[in-house]
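Peer 1: input-v2.txt (compact mmCIF, C-alpha atoms) pasted underneath:
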```txt
# COMPACT_ATOMS: atom_id res chain seq x y z
CA MET I 882 133.17 226.19 94.44
CA ALA I 883 135.15 229.04 95.98
CA GLY I 884 138.79 228.24 96.57
CA SER I 885 138.68 224.88 94.77
CA ARG I 886 141.98 223.46 93.58
CA ALA I 887 140.84 222.65 90.03
CA SER I 888 137.75 221.67 88.06
CA VAL I 889 137.50 217.98 87.20
CA GLY I 890 134.94 216.72 84.72
CA ILE I 891 133.95 213.07 85.12
CA ILE I 892 132.41 210.99 82.35
CA SER I 893 130.36 209.24 83.67
CA ILE I 894 128.96 208.98 87.19
CA GLY I 895 128.57 205.24 87.71
CA ASP I 896 129.72 203.53 90.91
CA MET I 897 133.41 204.22 90.21
CA GLY I 898 132.82 207.74 88.91
CA LEU I 899 130.70 208.57 91.95
CA GLY I 900 133.36 207.27 94.34
CA ILE I 901 136.07 209.31 92.63
CA ALA I 902 133.80 212.38 92.61
CA LYS I 903 133.27 212.14 96.37
CA LEU I 904 137.00 211.66 96.95
CA LEU I 905 137.79 214.75 94.89
CA GLN I 906 135.08 216.85 96.53
CA ALA I 907 136.49 215.88 99.95
CA HIS I 908 139.84 217.27 98.79
CA ASN I 909 138.38 220.57 97.57
CA TYR I 910 138.06 219.88 93.84
CA HIS I 911 135.14 221.20 91.84
CA VAL I 912 133.53 218.19 90.14
CA LEU I 913 131.45 218.59 86.98
CA THR I 914 129.70 216.24 84.61
CA THR I 915 127.06 216.06 81.90
CA CYS I 916 124.33 213.47 81.61
CA VAL I 917 123.95 213.64 77.84
CA GLY I 918 123.14 210.12 76.72
CA ARG I 919 123.02 208.79 80.29
CA SER I 920 120.20 207.20 82.24
CA GLU I 921 117.84 208.79 84.75
CA ALA I 922 119.58 206.76 87.45
CA THR I 923 122.85 208.49 86.55
CA GLN I 924 121.19 211.91 86.77
CA ARG I 925 119.76 211.08 90.21
CA ARG I 926 123.21 209.94 91.32
CA VAL I 927 124.70 213.24 90.15
CA GLU I 928 122.09 215.33 91.95
CA SER I 929 122.44 213.38 95.20
CA ALA I 930 126.20 213.97 95.22
CA SER I 931 126.01 217.75 94.58
CA ILE I 932 128.05 217.40 91.39
CA GLU I 933 127.56 220.33 89.02
CA LEU I 934 125.51 219.13 86.08
CA LEU I 935 126.27 220.84 82.77
CA PRO I 936 123.92 220.81 79.77
CA ASP I 937 126.38 219.46 77.20
CA ARG I 938 129.92 218.30 76.47
CA VAL I 939 130.97 221.67 75.04
CA GLN I 940 130.41 223.25 78.46
CA LEU I 941 132.29 220.35 80.05
CA VAL I 942 135.30 220.98 77.80
CA ASN I 943 135.13 224.72 78.41
CA ARG I 944 134.88 224.50 82.20
CA SER I 945 137.16 221.58 83.10
CA ASP I 946 140.87 221.53 83.83
CA TYR I 947 140.87 217.72 83.72
CA LEU I 948 138.50 215.20 82.16
CA LEU I 949 138.33 211.66 83.52
CA SER I 950 136.73 209.13 81.18
CA ILE I 951 135.29 206.26 83.25
CA VAL I 952 132.78 204.49 81.00
CA PRO I 953 132.03 200.89 79.98
CA PRO I 954 134.99 199.72 77.84
CA GLY I 955 132.85 199.43 74.73
CA GLN I 956 132.07 203.16 74.96
CA ALA I 957 135.66 204.41 75.39
CA VAL I 958 136.29 205.27 71.75
CA ALA I 959 132.87 206.90 71.22
CA THR I 960 133.33 208.96 74.40
CA ALA I 961 136.70 210.24 73.23
CA GLU I 962 135.23 211.10 69.82
CA ALA I 963 132.38 213.00 71.50
CA ILE I 964 134.88 215.05 73.53
CA ILE I 965 136.89 215.77 70.38
CA ALA I 966 133.71 216.98 68.65
CA ALA I 967 132.91 219.18 71.65
CA TYR I 968 136.45 220.57 71.63
CA GLN I 969 136.02 221.58 67.99
CA GLN I 970 133.08 223.76 69.08
CA HIS I 971 134.62 225.03 72.29
CA THR I 972 135.20 228.60 73.41
CA ARG I 973 137.95 227.80 75.89
CA PRO I 974 140.32 230.80 76.24
CA ALA I 975 143.57 230.32 74.34
CA SER I 976 145.50 231.58 77.39
CA SER I 977 144.12 228.89 79.71
CA ASN I 978 146.07 225.86 80.90
CA PRO I 979 145.93 222.81 78.60
CA LEU I 980 142.99 220.47 79.14
CA TYR I 981 144.07 216.99 80.24
CA TYR I 982 142.04 213.93 79.20
CA LEU I 983 142.63 210.87 81.36
CA ASP I 984 141.29 207.71 79.74
CA LEU I 985 140.81 205.43 82.75
CA ASN I 986 138.84 202.76 80.90
CA ALA I 987 139.58 199.04 80.75
CA ILE I 988 140.82 198.98 77.16
CA ALA I 989 143.61 197.33 75.19
CA PRO I 990 146.87 199.23 74.59
CA SER I 991 146.04 199.39 70.87
CA THR I 992 142.68 201.02 71.69
CA ALA I 993 144.44 203.56 73.91
CA ARG I 994 146.92 204.30 71.12
CA HIS I 995 144.04 204.75 68.66
CA ILE I 996 142.33 207.25 70.98
CA SER I 997 145.61 209.08 71.61
CA ALA I 998 146.20 209.43 67.86
CA ALA I 999 142.69 210.83 67.39
CA PHE I 1000 143.36 213.54 69.96
CA ALA I 1001 146.75 214.35 68.43
CA THR I 1002 145.18 214.77 64.99
CA LYS I 1003 141.86 216.43 65.80
CA ALA I 1004 142.34 218.11 69.19
CA PRO I 1005 146.09 218.65 69.54
CA THR I 1006 145.95 221.03 72.49
CA ILE I 1007 144.27 218.40 74.69
CA ARG I 1008 146.87 216.36 76.54
CA PHE I 1009 146.01 212.67 76.53
CA ILE I 1010 146.96 210.38 79.43
CA ASP I 1011 146.52 206.61 79.25
CA GLY I 1012 145.32 205.04 82.48
CA GLY I 1013 143.43 202.30 84.26
CA ILE I 1014 141.77 201.71 87.62
CA ILE I 1015 142.77 198.69 89.70
CA GLY I 1016 140.47 198.11 92.67
CA GLY I 1017 137.03 199.23 93.81
CA PRO I 1018 135.59 202.75 94.07
CA PRO I 1019 137.06 205.09 96.70
CA LEU I 1020 135.25 205.01 100.01
CA LEU I 1021 135.65 206.39 103.49
CA ALA I 1022 136.96 203.90 106.03
CA PRO I 1023 137.88 204.08 109.73
CA SER I 1024 141.46 205.03 110.42
CA THR I 1025 143.82 203.79 113.13
CA SER I 1026 145.31 207.27 113.47
CA PRO I 1027 144.11 209.14 116.59
CA THR I 1028 144.51 212.47 114.78
CA ASP I 1029 142.56 211.39 111.69
CA PRO I 1030 139.44 209.36 112.56
CA VAL I 1031 138.60 208.54 108.93
CA THR I 1032 140.64 207.86 105.82
CA TRP I 1033 139.97 207.06 102.18
CA LYS I 1034 140.35 203.56 100.77
CA ARG I 1035 141.39 204.21 97.17
CA PRO I 1036 142.07 202.11 94.10
CA SER I 1037 145.42 202.20 92.33
CA ILE I 1038 145.51 204.25 89.12
CA PRO I 1039 148.50 203.54 86.84
CA LEU I 1040 149.12 206.17 84.15
CA SER I 1041 151.36 206.37 81.11
CA GLY I 1042 152.12 208.56 78.12
CA PRO I 1043 154.31 211.57 77.37
CA HIS I 1044 152.33 213.91 79.67
CA GLU I 1045 152.64 213.41 83.43
CA LEU I 1046 149.68 214.37 85.58
CA ALA I 1047 151.96 215.42 88.42
CA SER I 1048 153.44 218.15 86.18
CA ALA I 1049 150.08 219.57 85.09
CA GLN I 1050 148.56 222.88 86.12
CA PRO I 1051 146.57 223.63 88.15
CA SER I 1052 147.03 221.28 91.13
CA GLY I 1053 148.41 218.39 89.06
CA ALA I 1054 150.77 217.06 91.70
CA HIS I 1055 148.06 217.16 94.37
CA LEU I 1056 145.52 215.55 92.04
CA ALA I 1057 147.96 212.78 91.12
CA ALA I 1058 148.53 212.03 94.81
CA THR I 1059 144.83 212.26 95.73
CA LEU I 1060 143.89 209.76 93.02
CA ARG I 1061 146.77 207.47 94.04
CA THR I 1062 148.30 207.49 90.59
CA LYS I 1063 151.68 206.21 89.45
CA HIS I 1064 153.23 207.22 86.14
CA LEU I 1065 154.70 204.06 84.61
CA SER I 1066 156.11 205.04 81.24
CA PRO I 1067 156.16 207.72 78.52
CA ASP I 1068 154.50 205.21 76.19
CA VAL I 1069 150.72 205.28 75.64
CA GLY I 1070 149.34 201.80 76.26
CA THR I 1071 151.53 200.76 79.17
CA ALA I 1072 148.96 201.62 81.84
CA SER I 1073 146.10 200.04 79.88
CA GLY I 1074 148.22 196.92 79.46
CA LEU I 1075 148.84 196.63 83.20
CA LYS I 1076 145.11 196.99 83.90
CA ALA I 1077 144.31 194.29 81.32
CA CYS I 1078 146.83 191.85 82.76
CA PHE I 1079 145.55 192.40 86.30
CA ALA I 1080 141.87 192.12 85.36
CA SER I 1081 142.53 188.96 83.37
CA LEU I 1082 143.40 187.21 86.63
CA THR I 1083 140.63 188.57 88.84
CA LYS I 1084 137.73 188.55 86.39
CA GLY I 1085 139.04 185.47 84.63
CA TYR I 1086 138.93 183.58 87.93
CA THR I 1087 135.38 184.78 88.54
CA ALA I 1088 134.36 183.43 85.12
CA LEU I 1089 135.84 180.05 86.07
CA ALA I 1090 133.90 180.15 89.34
CA ILE I 1091 130.67 180.96 87.46
CA GLN I 1092 131.01 177.86 85.33
CA SER I 1093 132.36 175.63 88.09
CA PHE I 1094 129.77 176.50 90.74
CA SER I 1095 126.78 176.44 88.36
CA THR I 1096 127.82 173.06 86.95
CA ALA I 1097 128.51 171.62 90.41
CA SER I 1098 125.05 172.75 91.51
CA GLN I 1099 123.37 170.97 88.62
CA LEU I 1100 125.36 167.82 89.40
CA GLY I 1101 124.28 168.05 93.05
CA VAL I 1102 127.87 168.37 94.30
CA LEU I 1103 128.20 172.11 95.07
CA GLU I 1104 128.45 171.55 98.84
CA HIS I 1105 131.08 168.86 98.25
CA LEU I 1106 133.02 171.25 95.99
CA LEU I 1107 132.96 173.96 98.65
CA ARG I 1108 134.19 171.54 101.32
CA GLU I 1109 137.03 170.37 99.08
CA MET I 1110 137.98 174.00 98.44
CA ASP I 1111 137.93 174.71 102.18
CA ALA I 1112 140.34 171.83 102.71
CA ALA I 1113 142.68 172.53 99.81
CA ASN I 1114 142.32 176.23 98.95
CA PRO I 1115 140.17 178.26 101.38
CA LEU I 1116 141.37 181.59 100.00
CA GLY I 1117 140.38 180.41 96.53
CA ARG I 1118 136.86 179.72 97.78
CA GLN I 1119 136.64 183.17 99.33
CA GLN I 1120 137.83 184.82 96.13
CA ALA I 1121 135.40 182.78 94.03
CA GLU I 1122 132.45 183.65 96.25
CA ARG I 1123 133.31 187.36 96.34
CA GLY I 1124 133.49 187.35 92.57
CA LEU I 1125 130.18 185.55 92.16
CA VAL I 1126 128.16 187.90 94.36
CA GLY I 1127 129.89 191.07 93.13
CA MET I 1128 129.77 190.33 89.42
CA PRO I 1129 126.13 190.18 88.27
CA ASN I 1130 125.21 193.82 87.62
CA LYS I 1131 128.67 194.47 86.11
CA ALA I 1132 128.61 191.53 83.70
CA TYR I 1133 127.41 193.63 80.77
CA ARG I 1134 130.43 195.93 81.15
CA TRP I 1135 132.83 193.02 81.43
CA VAL I 1136 131.90 191.53 78.05
CA ALA I 1137 133.73 194.31 76.20
CA GLU I 1138 136.50 194.35 78.82
CA MET I 1139 137.24 190.66 78.19
CA ASP I 1140 137.36 191.40 74.45
CA GLU I 1141 139.89 194.18 75.16
CA ILE I 1142 141.96 191.82 77.31
CA GLY I 1143 141.94 189.32 74.44
CA LYS I 1144 143.20 192.04 72.09
CA THR I 1145 145.95 192.89 74.57
CA PHE I 1146 147.16 189.30 74.76
CA ASP I 1147 146.95 188.79 70.99
CA GLU I 1148 148.56 192.05 69.92
CA ASP I 1149 150.98 192.89 72.72
CA GLY I 1150 151.46 189.44 74.22
CA GLY I 1151 152.02 187.62 70.94
CA TRP I 1152 149.24 185.06 71.43
CA GLY I 1153 147.81 185.63 67.96
CA GLY I 1154 144.25 184.52 68.65
CA GLU I 1155 145.11 181.69 71.05
CA ASN I 1156 143.95 183.53 74.18
CA VAL I 1157 140.93 182.34 76.18
CA TYR I 1158 139.19 185.67 76.64
CA LYS I 1159 136.76 185.41 73.76
CA GLN I 1160 135.22 182.52 75.70
CA VAL I 1161 135.42 184.43 78.98
CA ALA I 1162 133.55 187.31 77.33
CA GLY I 1163 130.93 184.76 76.37
CA VAL I 1164 130.49 183.71 80.01
CA TYR I 1165 129.70 187.28 81.02
CA ARG I 1166 127.44 187.72 78.00
CA VAL I 1167 125.36 184.77 79.18
CA VAL I 1168 125.10 186.27 82.68
CA ALA I 1169 124.10 189.68 81.31
CA ASP I 1170 121.70 188.53 78.61
CA ASP I 1171 120.34 185.15 79.68
CA THR I 1172 119.89 185.41 83.45
CA GLU I 1173 117.96 187.76 85.69
CA LEU I 1174 121.24 188.46 87.49
CA GLY I 1175 122.22 190.93 84.78
CA SER I 1176 119.68 193.43 86.10
CA ARG I 1177 119.97 192.50 89.76
CA GLU I 1178 120.89 195.31 92.16
CA GLY I 1179 122.11 195.02 95.74
CA LYS I 1180 123.88 192.29 97.65
CA MET I 1181 123.05 188.61 97.38
CA GLU I 1182 124.20 185.34 98.88
CA VAL I 1183 126.34 182.83 96.99
CA GLN I 1184 123.48 180.35 96.72
CA GLU I 1185 121.21 183.05 95.27
CA ALA I 1186 123.79 183.82 92.61
CA VAL I 1187 124.27 180.16 91.74
CA ASP I 1188 120.51 179.56 91.62
CA GLY I 1189 120.08 182.54 89.30
CA LEU I 1190 122.81 181.22 87.01
CA VAL I 1191 121.27 177.76 86.89
CA ARG I 1192 117.79 179.10 86.09
CA GLY I 1193 119.20 181.21 83.29
CA LEU I 1194 121.25 178.36 81.86
CA LYS I 1195 118.27 176.01 81.88
CA ALA I 1196 116.03 178.57 80.19
CA ARG I 1197 118.74 179.24 77.61
CA LYS I 1198 119.07 175.52 76.87
CA GLU I 1199 115.30 175.18 76.46
CA LYS I 1200 115.32 177.98 73.88
CA THR I 1201 118.13 176.38 71.88
CA ASP I 1202 116.51 172.93 72.08
```
Kindly transcribe the structure held in the file into structure tokens.
Peer 2:
Amino acid sequence: MAGSRASVGIISIGDMGLGIAKLLQAHNYHVLTTCVGRSEATQRRVESASIELLPDRVQLVNRSDYLLSIVPPGQAVATAEAIIAAYQQHTRPASSNPLYYLDLNAIAPSTARHISAAFATKAPTIRFIDGGIIGGPPLLAPSTSPTDPVTWKRPSIPLSGPHELASAQPSGAHLAATLRTKHLSPDVGTASGLKACFASLTKGYTALAIQSFSTASQLGVLEHLLREMDAANPLGRQQAERGLVGMPNKAYRWVAEMDEIGKTFDEDGGWGGENVYKQVAGVYRVVADDTELGSREGKMEVQEAVDGLVRGLKARKEKTD
């Protein structure tokens, strides 16, 4: 892309990666990726967004100024190891700017520190940045400004570690602002910890709603529950319903994320195994593995989600009985 600010490699192009790719393209960044090990759906998504598709990770390392890792939490370590292996085969010019690797996955601080140590030992010229994404994918939204008819709704991206994105070359300060980042600390793990604490509340509440609504339905009192919530906590009902209808096709990703949150609370919060997130991970595992909701695409109504949960729970009980 002639005149682009910098080349940004994204691993991988799921919903979040695609939103960030479009945001960066709109701000004149050259976006690259590779579909090694990814599904046909991911490849179609890449082609539809005019993202440059490279044949392998070595080319991605050679051609990128920045790499953003945005993968399911359970794949974060393997993805970093794959980039390290590609780096060890790379032909990147020694005179080029350092390659920055932004780990934006929902992982525990200890996992981030483990990945950072691997880069320091095996790929020392790559600059590791710990990060997380709080909020949904970037998207264009109407603006109230008469001079700017559209604007971007963007998630928050906290960062931490000894290397600041805003000081990077090329275009680091602009990239940091475009992605709506904030550097929290020189310590690796701080940003991942903030993401874990935030997600524990949002996704933890959704897990409670999954169990509450599905049980109320089987007791025949779901409508009564919703009326009581309207009277006592209408915002809680809205949050629960948004979580229920938005969760199903992400549940498989959230299993590992809940495990990482549990690690965060045990290791950095001092809970020593007394956190609840092993059980929360189990809730999402049931949704992903034991209901048809785990493969459901597109929007659905609250009652559809509850009905799908109930069918899956009943079928699961029949198997165990």
Peer 1: With only C-alpha atoms as the counted atoms, please give the residues lying no more than 7 Å from range 895-910 of chain I, apart from itself and same-chain residues fewer than 2 positions off, as a PyMOL selection string.
Peer 2: chain I and resi 885-889+891+893+912+923+951+1018-1020
Peer 1: Name all residues at most 12 Å from Ile964 in chain I (count all atoms listed in the file; drop same-chain ones fewer than 4 positions away) and give them as an MDAnalysis selection string.
Peer 2: chainID I and resid 890:892 915 917 937:943 945 948:950 957:960 968:971 980:984 996 999:1000 1003:1004 1007 1009
Peer 1: For Gly1101 in chain I, which of I:Val1191, I:Ser1066, I:Val1183, I:Gly1154 is the closest residue, counting all atoms listed in the file?
Peer 2: I:Val1191
Peer 1: Quick check, in Å to one decimal: how far apart do CA of Asp1140 in chain I and CA of Gly1074 in chain I lie?
Peer 2: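 Computing the Euclidean distance for CA of Asp1140 in chain I and CA of Gly1074 in chain I yields 13.2 Å.
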Peer 1: Counting only C-alpha atoms, which of I:Pro974, I:Leu1060, I:Ala1169, I:Glu1185 gets nearest to Arg1134 in chain I?
Peer 2: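 With only C-alpha atoms as the atom set, the closest residue is I:Ala1169.
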Peer 1: Need the shell around Leu1106 in chain I: protein/DNA/RNA residues with any atom at most 8 Å away, counting all atoms listed in the file. Skip same-chain ones fewer than 4 positions apart. Format as a VMD selection string?
Peer 2: chain I and resid 1097 1102 1110
Peer 1: Using only C-alpha atoms, pick whichever of I:Phe1079, I:Thr1145, I:Lys1084, I:Gly1012 has the shortest atom-to-atom distance to Ala1057 in chain I.
Peer 2: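 Among I:Phe1079, I:Thr1145, I:Lys1084, I:Gly1012, it is I:Gly1012 that comes nearest to Ala1057 in chain I.
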Peer 1: Kindly give the distance, in Å, that separates CA of Pro1051 in chain I and CA of Thr1071 in chain I, rounded to a single decimal.
Peer 2: 25.1 Å
Peer 1: Which is closer to Tyr1158 in chain I than all the others in I:Thr1201, I:Ser1176, I:Ser1081, I:Gln924, using only C-alpha atoms?
Peer 2: I:Ser1081
Peer 1: Could you check the closest approach to Val1136 in chain I for each of I:Ile894, I:Ile988, I:Ala1121, I:Ala1090 and tell me which residue wins, using all atoms listed in the file?
Peer 2: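 Using all atoms listed in the file, Val1136 in chain I sits closest to I:Ile988.
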Peer 1: Using all atoms listed in the file, can you tell me which of I:Ala922, I:Val1069, I:Ala966, I:Met1181 comes closest to Glu1122 in chain I?
Peer 2: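 Distance minimum relative to Glu1122 in chain I lands on I:Met1181.
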Peer 1: CA of Leu1040 in chain I and CA of Lys1131 in chain I are how many Å apart?
Peer 2: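 CA of Leu1040 in chain I sits 23.6 Å away from CA of Lys1131 in chain I.
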